[in-house]
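Heads up, the thing below is written out as structure tokens.
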There are 2 protein chains.
Amino acid sequence: MNVEFDRPKRVRLVDIAEKVGVSRRAVSAVLLGTGGNRVTVGEQKAKEIQLVAKSMGYQPNLAARQLVGKRSHTFGLLVASAGDPLRSFLIQHLDEEAVAHGNRTLIGNTVIAPDRFEKTVQLFTNSGVDGVLCAVHSWLPGDRADLLGQHPCTVFYEDPGTPNACFVTVDRRAAIRKATSFLIEKGRERIGLALNVKSRKSQKDRLIGYKEALSQHGHKFTPELVFHASPKHKNAYASHDVDSLKWSFPEEVIDDLIEKLIIGQSADAIIAHDDYWAATLIKRLHRRGVRVPDDVAVVGYLNHYLADFTDPAITTIDLNHLSAATEMVSMLEKMIRGEELPADQRQVLIQPQLIERESA
Amino acid sequence: MNVEFDRPKRVRLVDIAEKVGVSRRAVSAVLLGTGGNRVTVGEQKAKEIQLVAKSMGYQPNLAARQLVGKRSHTFGLLVASAGDPLRSFLIQHLDEEAVAHGNRTLIGNTVIAPDRFEKTVQLFTNSGVDGVLCAVHSWLPGDRADLLGQHPCTVFYEDPGTPNACFVTVDRRAAIRKATSFLIEKGRERIGLALNVKSRKSQKDRLIGYKEALSQHGHKFTPELVFHASPKHKNAYASHDVDSLKWSFPEEVIDDLIEKLIIGQSADAIIAHDDYWAATLIKRLHRRGVRVPDDVAVVGYLNHYLADFTDPAITTIDLNHLSAATEMVSMLEKMIRGEELPADQRQVLIQPQLIERESA
DNA sequence: CTGAAAGCGCTTACAG
DNA sequence: CTGAAAGCGCTTACAG
């Protein structure tokens, strides 16, 4: 059971100090920026210290710095899963932004087990992360209040529903406004809106955007043209099966959608819940001999790379995950540095963009 | 709830020791398993310590343990990008396995800049990771020797080409053998093999598997039925554009492939380089009025969830990333614990599996 | 089993 | 600018 663990001996601060012939404090001040402005080192000495440090390959010991109360420069990143097709690029950009600010990212997949969210938060606490980025879908389980309790410096992607939380989210109203206006300008008359289960707040925002665009163009709102998945639909939950981590096919929902909106209401365009719904919709429409976009135009939501591989390629709303990541990290950095964030800066709205391909 | 400012001071080992009235060493032995077998604590006391620790919410300070030479229980995970469609599920499983063994995962995206691989390795060193998992494609840049120099405990996905390295890889020969046999048994006569640029070793393995299956079934090998992308093809590199991190469409390669194998050689089946090639192939064949699978059967490679969303859905080879992740982490744990790995255990081969859908 | 001490690599308060 | 010292939370070698 005795586990020995040899690490090659690393160069220490004191080694450099001895070599250059200065105090450890001077080295620390030059190399690590400690001491505030109480420590001043001459330019000559500073340069020499830099040189020697480089030649000796000095790498500061993070654990030691952390122990004396310095930042760990580590962020915890909570994700449903790294393979989450809806968020994997957001994850990538979050890590990139974190690194750009001199941090590293501790990733935590949370959908594998029911209490995994909480366990991961605990792990982050043990590791002494400076702050947490939470990219877990807001409708997935996990104790957000506990997270905020352990890590006041947390930024969410999407409103977690906890009061006063900092989060970044896409402007869903603008997203659907753009999609709807685009379709109207393309001459579509009966535009269907296909949404996931009604209970999610996000779905309400989309509906508002839809109505706004209609009224802007002098179109009448027809409630029958709005479709909602119901929890009893198999795979209704955004085609993402939480239990098995498997990606699954929202076929049942889509067939119901086709019956109601296209057969029942003669819709000539559909704004789909996401690109996966759009892909499946295109596939199922073809099976029935309905042509896309000739008979029915389809617009997706997300702009996953999948959108390029379907036939026809999907015209969709890009959610701009890069900007979201930039904003999230910049917000988190501010919080960690202890800057006061006024209430109106605690929630950032990202502007989405319509990407025109072939399906509409 | 007031989570704004004051982070409650964390409970320390000594706090528990004082409360229970025992030595720090006893607490450390019970809670953290230190002291080897030189420290013995009575069952009564041990239980009491556990209870008090739990009631006080004790969480050991990782930085402190690390500083005295203990494992950090942190793995570095090098990836091309978290959004890498070819590897995102591997990444997810690697993190899950790491956590299952009591570790955490520091993720590092490496494709953003030319020297990013090396910088990330450096970051891992600073963080004092116990070992590194490298899931970066072997054909992407990055100094593997430097990585191994800084982190002798490293396990790769795919052979990095450095002597004696530990790695896990899928049995590519078996993969293509299975695909080829499957197609032969389905009655296909002229099976084309579409591969990426010839220079990659991985492509040679696939070719061998293809020949093996042909000879097994008494079929003749026709060199003209093997297609190789050439570096001058746009997007030849596995449809993964390193520079822009954008996913792109291997259209040019696919059109060339169609000309050579299907028009030129009357192939009635194609084993595609990956699911993305397969998806594009299906799309481009449809444009020419060729039906899949009726006229030409298509088999992919990877089993990405994309395979379900194309029309027809792609019959493909599942690379079994879950097993790969399990093996990688178990290997890494052994190395960290200092167990000697004999040469024949330093390379693990994963068995792939054919998943039948609609395209073949 | 115990206490008292040393040490990991760093930062900081203190006295010169 | 400097040195010498204390301390972060832990582990271990040492003496009882």
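Identifiers in this document derive from the order of the structure tokens: chains are assigned A, B, ..., residues are numbered from 1 separately in each chain, and ligands are numbered from 1 in order of occurrence.
Within 8 Å of chain C, and using only C-alpha atoms (C1' of nucleotides), the residues found on chain A are Arg12, Leu13, Thr34, Gly35, Asn61, Ala64, Arg65, Leu67 and Val68 of chain A.
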Residues just named, written with N, CA and C atoms as a PDB file, in the first residue's frame:
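Once written, result_13.pdb looks like this:
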ATOM      1  N   ARG A  12      13.897  25.765  -7.769  1.00  0.00           N
ATOM      2  CA  ARG A  12      13.095  26.581  -6.850  1.00  0.00           C
ATOM      3  C   ARG A  12      13.492  28.046  -6.922  1.00  0.00           C
ATOM      4  N   LEU A  13      12.653  28.842  -6.317  1.00  0.00           N
ATOM      5  CA  LEU A  13      12.903  30.271  -6.268  1.00  0.00           C
ATOM      6  C   LEU A  13      14.277  30.544  -5.652  1.00  0.00           C
ATOM      7  N   THR A  34       5.019  39.595  -6.857  1.00  0.00           N
ATOM      8  CA  THR A  34       4.528  39.696  -5.475  1.00  0.00           C
ATOM      9  C   THR A  34       5.083  40.937  -4.800  1.00  0.00           C
ATOM     10  N   GLY A  35       4.649  41.154  -3.574  1.00  0.00           N
ATOM     11  CA  GLY A  35       5.200  42.245  -2.784  1.00  0.00           C
ATOM     12  C   GLY A  35       4.565  43.601  -3.027  1.00  0.00           C
ATOM     13  N   ASN A  61       6.120  26.776  -8.289  1.00  0.00           N
ATOM     14  CA  ASN A  61       5.313  25.708  -7.726  1.00  0.00           C
ATOM     15  C   ASN A  61       3.945  26.251  -7.333  1.00  0.00           C
ATOM     16  N   ALA A  64       2.547  25.514  -3.772  1.00  0.00           N
ATOM     17  CA  ALA A  64       3.112  26.352  -2.714  1.00  0.00           C
ATOM     18  C   ALA A  64       2.459  27.728  -2.704  1.00  0.00           C
ATOM     19  N   ARG A  65       2.259  28.288  -3.871  1.00  0.00           N
ATOM     20  CA  ARG A  65       1.646  29.614  -3.958  1.00  0.00           C
ATOM     21  C   ARG A  65       0.212  29.562  -3.435  1.00  0.00           C
ATOM     22  N   LEU A  67      -0.951  27.520  -1.316  1.00  0.00           N
ATOM     23  CA  LEU A  67      -0.982  27.281   0.128  1.00  0.00           C
ATOM     24  C   LEU A  67      -0.868  28.574   0.922  1.00  0.00           C
ATOM     25  N   VAL A  68      -0.149  29.530   0.388  1.00  0.00           N
ATOM     26  CA  VAL A  68      -0.021  30.790   1.118  1.00  0.00           C
ATOM     27  C   VAL A  68      -1.128  31.763   0.727  1.00  0.00           C
TER      28      VAL A  68
END
Where does DSSP see helix (DSSP H, G or I) in stretch 70-313 of chain A, if you list the residues as a PyMOL selection string?
chain A and resi 88-100+116-127+144-150+172-185+201-216+223-225+251-263+275-287+306-309
Define the interface residues of chain B facing chain A as those within 6 Å, counting only C-alpha atoms, and report them as a compact mmCIF listing (two decimals) with N, CA and C atoms, in the first residue's frame.
# COMPACT_ATOMS: atom_id res chain seq x y z
N VAL B 3 -24.03 34.54 0.39
CA VAL B 3 -22.85 33.87 -0.16
C VAL B 3 -21.89 34.90 -0.72
N LEU B 62 -5.65 20.01 -0.81
CA LEU B 62 -4.84 19.30 -1.80
C LEU B 62 -3.48 19.95 -2.02
N ALA B 63 -3.47 21.27 -2.00
CA ALA B 63 -2.21 21.99 -2.24
C ALA B 63 -1.18 21.62 -1.19
N LEU B 67 2.32 19.66 -1.75
CA LEU B 67 3.58 20.32 -1.42
C LEU B 67 4.53 19.38 -0.68
N SER B 81 -9.13 19.58 -29.49
CA SER B 81 -10.10 20.53 -29.00
C SER B 81 -11.27 19.77 -28.41
N ALA B 82 -11.90 20.37 -27.40
CA ALA B 82 -13.03 19.70 -26.77
C ALA B 82 -14.15 19.51 -27.79
N GLY B 83 -14.16 20.40 -28.78
CA GLY B 83 -15.20 20.28 -29.80
C GLY B 83 -14.82 19.33 -30.92
N SER B 88 -14.59 13.84 -28.99
CA SER B 88 -15.25 14.43 -27.82
C SER B 88 -15.79 13.38 -26.86
N PHE B 89 -16.23 12.25 -27.38
CA PHE B 89 -16.73 11.22 -26.47
C PHE B 89 -15.58 10.49 -25.78
N GLN B 92 -14.79 12.70 -22.89
CA GLN B 92 -15.78 12.51 -21.83
C GLN B 92 -15.50 11.24 -21.03
N THR B 105 -9.48 16.06 -13.74
CA THR B 105 -8.90 16.20 -15.07
C THR B 105 -8.70 17.64 -15.47
N LEU B 106 -7.46 17.97 -15.75
CA LEU B 106 -7.12 19.29 -16.25
C LEU B 106 -7.12 19.19 -17.75
N ILE B 107 -8.02 19.93 -18.40
CA ILE B 107 -8.11 19.77 -19.85
C ILE B 107 -7.27 20.82 -20.55
N SER B 127 1.26 22.68 -12.74
CA SER B 127 0.16 22.26 -11.89
C SER B 127 0.50 20.99 -11.12
N THR B 310 -28.00 11.27 -40.84
CA THR B 310 -27.96 11.33 -42.29
C THR B 310 -29.10 10.47 -42.85
Could you pull the residues within 12 Å of A:Pro223, counting only C-alpha atoms (C1' of nucleotides), minus those fewer than 3 positions along the same chain, as an MDAnalysis selection string?
chainID A and resid 190:194 207 210:211 220 226:228 260:261 265
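The strand (DSSP E or B) portion of stretch 303-353 of chain A consists of Thr315, Thr316, Ile317, Asp318, Gln347, Val348, Leu349, Ile350 and Gln353 of chain A, with states taken from DSSP on the backbone.
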Keeping only N, CA, C and O atoms, take the residues you just selected and write them out as an mmCIF file, in the first residue's frame.
data_model
loop_
_atom_site.group_PDB
_atom_site.id
_atom_site.type_symbol
_atom_site.label_atom_id
_atom_site.label_comp_id
_atom_site.auth_asym_id
_atom_site.auth_seq_id
_atom_site.Cartn_x
_atom_site.Cartn_y
_atom_site.Cartn_z
ATOM 1 N N THR A 315 -30.126 25.741 -42.847
ATOM 2 C CA THR A 315 -30.094 27.169 -42.533
ATOM 3 C C THR A 315 -30.453 27.283 -41.057
ATOM 4 O O THR A 315 -31.449 26.714 -40.613
ATOM 5 N N THR A 316 -29.628 27.986 -40.306
ATOM 6 C CA THR A 316 -29.825 27.916 -38.855
ATOM 7 C C THR A 316 -29.380 29.182 -38.140
ATOM 8 O O THR A 316 -28.802 30.087 -38.754
ATOM 9 N N ILE A 317 -29.661 29.232 -36.851
ATOM 10 C CA ILE A 317 -29.258 30.365 -36.023
ATOM 11 C C ILE A 317 -27.981 30.000 -35.283
ATOM 12 O O ILE A 317 -27.959 29.047 -34.514
ATOM 13 N N ASP A 318 -26.940 30.749 -35.508
ATOM 14 C CA ASP A 318 -25.693 30.518 -34.787
ATOM 15 C C ASP A 318 -25.786 31.173 -33.410
ATOM 16 O O ASP A 318 -26.055 32.372 -33.300
ATOM 17 N N GLN A 347 -25.775 39.939 -15.935
ATOM 18 C CA GLN A 347 -26.435 39.121 -16.940
ATOM 19 C C GLN A 347 -26.103 39.678 -18.318
ATOM 20 O O GLN A 347 -26.431 40.812 -18.614
ATOM 21 N N VAL A 348 -25.464 38.861 -19.103
ATOM 22 C CA VAL A 348 -25.039 39.327 -20.420
ATOM 23 C C VAL A 348 -25.804 38.584 -21.513
ATOM 24 O O VAL A 348 -25.960 37.369 -21.464
ATOM 25 N N LEU A 349 -26.284 39.357 -22.480
ATOM 26 C CA LEU A 349 -27.054 38.786 -23.573
ATOM 27 C C LEU A 349 -26.181 38.725 -24.830
ATOM 28 O O LEU A 349 -25.607 39.721 -25.238
ATOM 29 N N ILE A 350 -26.117 37.563 -25.434
ATOM 30 C CA ILE A 350 -25.315 37.378 -26.644
ATOM 31 C C ILE A 350 -26.210 37.451 -27.878
ATOM 32 O O ILE A 350 -27.298 36.881 -27.898
ATOM 33 N N GLN A 353 -26.911 34.883 -34.724
ATOM 34 C CA GLN A 353 -26.794 35.288 -36.120
ATOM 35 C C GLN A 353 -27.384 34.215 -37.026
ATOM 36 O O GLN A 353 -27.167 33.018 -36.801
#
Do you know which residues are at most 10 Å from A:Val197 counting only C-alpha atoms (C1' of nucleotides), after dropping those on the same chain fewer than 3 positions away, and could you put them as a VMD selection string?
chain A and resid 194 200 to 203 227 to 233 236 to 238
Export, as an mmCIF file, in the first residue's frame, the selected residues with N, CA, C and O atoms.
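Saved the output as out.cif:
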data_model
loop_
_atom_site.group_PDB
_atom_site.id
_atom_site.type_symbol
_atom_site.label_atom_id
_atom_site.label_comp_id
_atom_site.auth_asym_id
_atom_site.auth_seq_id
_atom_site.Cartn_x
_atom_site.Cartn_y
_atom_site.Cartn_z
ATOM 1 N N ALA A 194 -41.601 25.147 -33.804
ATOM 2 C CA ALA A 194 -41.569 23.865 -33.100
ATOM 3 C C ALA A 194 -40.668 23.985 -31.883
ATOM 4 O O ALA A 194 -39.465 24.210 -32.013
ATOM 5 N N ARG A 200 -40.162 24.924 -19.957
ATOM 6 C CA ARG A 200 -38.883 25.628 -19.893
ATOM 7 C C ARG A 200 -39.037 27.099 -20.261
ATOM 8 O O ARG A 200 -39.624 27.438 -21.279
ATOM 9 N N LYS A 201 -38.401 27.925 -19.457
ATOM 10 C CA LYS A 201 -38.501 29.351 -19.678
ATOM 11 C C LYS A 201 -37.969 29.746 -21.054
ATOM 12 O O LYS A 201 -38.512 30.611 -21.748
ATOM 13 N N SER A 202 -36.911 29.074 -21.439
ATOM 14 C CA SER A 202 -36.281 29.384 -22.718
ATOM 15 C C SER A 202 -37.286 29.329 -23.868
ATOM 16 O O SER A 202 -37.179 30.074 -24.840
ATOM 17 N N GLN A 203 -38.245 28.423 -23.750
ATOM 18 C CA GLN A 203 -39.209 28.256 -24.824
ATOM 19 C C GLN A 203 -40.147 29.460 -24.912
ATOM 20 O O GLN A 203 -40.603 29.829 -25.975
ATOM 21 N N PHE A 227 -45.988 24.505 -32.051
ATOM 22 C CA PHE A 227 -45.983 23.119 -31.569
ATOM 23 C C PHE A 227 -45.081 23.001 -30.346
ATOM 24 O O PHE A 227 -43.984 23.557 -30.320
ATOM 25 N N HIS A 228 -45.565 22.284 -29.345
ATOM 26 C CA HIS A 228 -44.740 22.008 -28.167
ATOM 27 C C HIS A 228 -44.589 20.511 -27.991
ATOM 28 O O HIS A 228 -45.576 19.778 -28.052
ATOM 29 N N ALA A 229 -43.371 20.068 -27.760
ATOM 30 C CA ALA A 229 -43.180 18.661 -27.400
ATOM 31 C C ALA A 229 -43.830 18.457 -26.043
ATOM 32 O O ALA A 229 -43.915 19.395 -25.244
ATOM 33 N N SER A 230 -44.304 17.274 -25.796
ATOM 34 C CA SER A 230 -44.857 17.005 -24.474
ATOM 35 C C SER A 230 -43.953 15.974 -23.818
ATOM 36 O O SER A 230 -43.291 15.192 -24.505
ATOM 37 N N PRO A 231 -43.888 15.997 -22.485
ATOM 38 C CA PRO A 231 -42.965 15.086 -21.793
ATOM 39 C C PRO A 231 -43.231 13.624 -22.125
ATOM 40 O O PRO A 231 -42.360 12.779 -21.943
ATOM 41 N N LYS A 232 -44.418 13.312 -22.613
ATOM 42 C CA LYS A 232 -44.679 11.903 -22.894
ATOM 43 C C LYS A 232 -44.133 11.467 -24.262
ATOM 44 O O LYS A 232 -44.079 10.292 -24.577
ATOM 45 N N HIS A 233 -43.714 12.427 -25.063
ATOM 46 C CA HIS A 233 -43.020 12.069 -26.293
ATOM 47 C C HIS A 233 -41.712 11.370 -25.953
ATOM 48 O O HIS A 233 -40.975 11.833 -25.091
ATOM 49 N N ALA A 236 -38.357 13.482 -25.997
ATOM 50 C CA ALA A 236 -38.786 14.864 -26.131
ATOM 51 C C ALA A 236 -37.698 15.809 -25.653
ATOM 52 O O ALA A 236 -37.540 16.903 -26.169
ATOM 53 N N TYR A 237 -36.950 15.361 -24.653
ATOM 54 C CA TYR A 237 -35.972 16.257 -24.074
ATOM 55 C C TYR A 237 -34.794 16.510 -24.997
ATOM 56 O O TYR A 237 -33.708 15.994 -24.801
ATOM 57 N N ALA A 238 -35.064 17.274 -25.993
ATOM 58 C CA ALA A 238 -34.001 17.766 -26.867
ATOM 59 C C ALA A 238 -33.123 16.665 -27.429
ATOM 60 O O ALA A 238 -31.946 16.863 -27.659
#
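Coordinates place atom CA of B:Arg206 at a distance of 18.9 Å from atom CA of B:Ala360.
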Distance query B:Gly209 at most 12 Å, only C-alpha atoms (C1' of nucleotides), self and fewer than 6 positions along chain excluded, as number ranges by chain
B: 171-181, 193, 202-203, 215-216, 221, 271
Using the selection just defined, write its residues with all heavy atoms as a tab-separated table (two decimals), in the first residue's frame.
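Done, and the output landed in result_7.tsv:
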chain	number	residue	atom	x	y	z
B	171	ASP	N	-7.93	-1.53	-33.08
B	171	ASP	CA	-7.41	-2.50	-34.04
B	171	ASP	C	-7.95	-2.16	-35.42
B	171	ASP	O	-9.02	-2.59	-35.81
B	171	ASP	CB	-7.83	-3.91	-33.62
B	171	ASP	CG	-7.15	-4.98	-34.46
B	171	ASP	OD1	-6.68	-4.65	-35.58
B	171	ASP	OD2	-7.06	-6.13	-34.00
B	172	ARG	N	-7.18	-1.36	-36.14
B	172	ARG	CA	-7.65	-0.86	-37.43
B	172	ARG	C	-7.79	-1.96	-38.47
B	172	ARG	O	-8.66	-1.92	-39.32
B	172	ARG	CB	-6.69	0.19	-37.97
B	172	ARG	CG	-6.55	1.39	-37.06
B	172	ARG	CD	-5.84	2.51	-37.78
B	172	ARG	NE	-5.44	3.53	-36.84
B	172	ARG	CZ	-4.24	3.59	-36.27
B	172	ARG	NH1	-3.33	2.68	-36.56
B	172	ARG	NH2	-3.96	4.55	-35.43
B	173	ARG	N	-6.89	-2.91	-38.39
B	173	ARG	CA	-6.99	-4.02	-39.33
B	173	ARG	C	-8.30	-4.77	-39.11
B	173	ARG	O	-9.04	-5.06	-40.06
B	173	ARG	CB	-5.80	-4.97	-39.14
B	173	ARG	CG	-4.55	-4.43	-39.81
B	173	ARG	CD	-3.30	-5.08	-39.27
B	173	ARG	NE	-3.25	-6.51	-39.57
B	173	ARG	CZ	-2.15	-7.25	-39.40
B	173	ARG	NH1	-1.04	-6.67	-38.95
B	173	ARG	NH2	-2.15	-8.52	-39.67
B	174	ALA	N	-8.59	-5.06	-37.84
B	174	ALA	CA	-9.85	-5.76	-37.54
B	174	ALA	C	-11.04	-4.93	-37.99
B	174	ALA	O	-12.03	-5.47	-38.50
B	174	ALA	CB	-9.94	-6.02	-36.04
B	175	ALA	N	-10.93	-3.61	-37.80
B	175	ALA	CA	-12.04	-2.73	-38.18
B	175	ALA	C	-12.38	-2.89	-39.65
B	175	ALA	O	-13.54	-3.14	-40.02
B	175	ALA	CB	-11.68	-1.27	-37.88
B	176	ILE	N	-11.38	-2.77	-40.49
B	176	ILE	CA	-11.65	-2.85	-41.93
B	176	ILE	C	-11.94	-4.29	-42.37
B	176	ILE	O	-12.72	-4.52	-43.29
B	176	ILE	CB	-10.49	-2.23	-42.74
B	176	ILE	CG1	-10.24	-0.79	-42.27
B	176	ILE	CG2	-10.80	-2.25	-44.23
B	176	ILE	CD1	-11.45	0.12	-42.35
B	177	ARG	N	-11.33	-5.25	-41.68
B	177	ARG	CA	-11.68	-6.65	-41.96
B	177	ARG	C	-13.17	-6.87	-41.76
B	177	ARG	O	-13.85	-7.45	-42.59
B	177	ARG	CB	-10.91	-7.58	-41.01
B	177	ARG	CG	-9.73	-8.28	-41.63
B	177	ARG	CD	-9.29	-9.51	-40.85
B	177	ARG	NE	-9.41	-9.44	-39.41
B	177	ARG	CZ	-8.42	-9.07	-38.59
B	177	ARG	NH1	-7.24	-8.74	-39.06
B	177	ARG	NH2	-8.62	-9.06	-37.28
B	178	LYS	N	-13.66	-6.37	-40.64
B	178	LYS	CA	-15.09	-6.54	-40.33
B	178	LYS	C	-15.98	-5.87	-41.37
B	178	LYS	O	-16.98	-6.43	-41.81
B	178	LYS	CB	-15.40	-6.00	-38.94
B	178	LYS	CG	-14.92	-6.91	-37.83
B	178	LYS	CD	-15.29	-6.40	-36.44
B	178	LYS	CE	-14.70	-7.34	-35.39
B	178	LYS	NZ	-15.02	-6.94	-34.01
B	179	ALA	N	-15.60	-4.64	-41.71
B	179	ALA	CA	-16.41	-3.90	-42.70
B	179	ALA	C	-16.41	-4.62	-44.04
B	179	ALA	O	-17.45	-4.79	-44.67
B	179	ALA	CB	-15.86	-2.48	-42.84
B	180	THR	N	-15.23	-5.07	-44.44
B	180	THR	CA	-15.11	-5.74	-45.74
B	180	THR	C	-15.88	-7.06	-45.76
B	180	THR	O	-16.65	-7.33	-46.69
B	180	THR	CB	-13.62	-5.99	-46.07
B	180	THR	OG1	-12.88	-4.78	-45.86
B	180	THR	CG2	-13.45	-6.45	-47.50
B	181	SER	N	-15.70	-7.86	-44.72
B	181	SER	CA	-16.40	-9.14	-44.65
B	181	SER	C	-17.91	-8.93	-44.66
B	181	SER	O	-18.65	-9.65	-45.34
B	181	SER	CB	-16.01	-9.88	-43.37
B	181	SER	OG	-14.64	-10.19	-43.38
B	193	LEU	N	-12.18	1.01	-51.15
B	193	LEU	CA	-11.67	1.47	-49.86
B	193	LEU	C	-11.18	2.90	-50.03
B	193	LEU	O	-10.28	3.17	-50.83
B	193	LEU	CB	-10.52	0.55	-49.41
B	193	LEU	CG	-9.86	0.91	-48.07
B	193	LEU	CD1	-10.84	0.78	-46.91
B	193	LEU	CD2	-8.63	0.02	-47.83
B	202	SER	N	-1.67	4.81	-39.99
B	202	SER	CA	-3.00	4.27	-39.74
B	202	SER	C	-3.66	3.77	-41.02
B	202	SER	O	-4.40	2.79	-41.02
B	202	SER	CB	-3.87	5.33	-39.09
B	202	SER	OG	-3.90	6.49	-39.90
B	203	GLN	N	-3.36	4.46	-42.12
B	203	GLN	CA	-3.99	4.09	-43.37
B	203	GLN	C	-3.46	2.76	-43.89
B	203	GLN	O	-4.16	2.00	-44.54
B	203	GLN	CB	-3.78	5.19	-44.41
B	203	GLN	CG	-4.11	6.58	-43.90
B	203	GLN	CD	-5.57	6.71	-43.48
B	203	GLN	OE1	-6.47	6.49	-44.26
B	203	GLN	NE2	-5.79	7.03	-42.21
B	215	SER	N	-8.91	-11.81	-49.07
B	215	SER	CA	-8.30	-13.12	-49.32
B	215	SER	C	-9.03	-14.20	-48.52
B	215	SER	O	-9.18	-15.33	-48.97
B	215	SER	CB	-6.81	-13.08	-49.02
B	215	SER	OG	-6.55	-13.52	-47.71
B	216	GLN	N	-9.50	-13.83	-47.33
B	216	GLN	CA	-10.27	-14.77	-46.50
B	216	GLN	C	-11.48	-15.30	-47.26
B	216	GLN	O	-11.87	-16.45	-47.12
B	216	GLN	CB	-10.76	-14.04	-45.26
B	216	GLN	CG	-10.43	-14.70	-43.95
B	216	GLN	CD	-10.75	-13.75	-42.80
B	216	GLN	OE1	-11.84	-13.19	-42.74
B	216	GLN	NE2	-9.80	-13.57	-41.90
B	221	PHE	N	-7.68	-9.02	-54.85
B	221	PHE	CA	-7.41	-7.63	-54.49
B	221	PHE	C	-7.19	-6.80	-55.75
B	221	PHE	O	-6.36	-7.13	-56.59
B	221	PHE	CB	-6.18	-7.55	-53.59
B	221	PHE	CG	-5.66	-6.16	-53.40
B	221	PHE	CD1	-6.44	-5.19	-52.75
B	221	PHE	CD2	-4.40	-5.79	-53.87
B	221	PHE	CE1	-5.96	-3.90	-52.58
B	221	PHE	CE2	-3.93	-4.49	-53.70
B	221	PHE	CZ	-4.71	-3.55	-53.05
B	271	ILE	N	-16.01	1.68	-48.39
B	271	ILE	CA	-15.67	1.83	-46.97
B	271	ILE	C	-15.00	3.18	-46.85
B	271	ILE	O	-13.90	3.39	-47.38
B	271	ILE	CB	-14.74	0.71	-46.48
B	271	ILE	CG1	-15.43	-0.64	-46.67
B	271	ILE	CG2	-14.36	0.93	-45.02
B	271	ILE	CD1	-14.51	-1.84	-46.47
Calculate how many Å separate atom CA of B:Gly69 from atom CA of B:Ser55, rounding to one decimal.
28.3 Å
Report the distance between atom CA of B:Ala17 and atom CA of A:Arg71 in Å, rounded to one decimal place.
27.8 Å
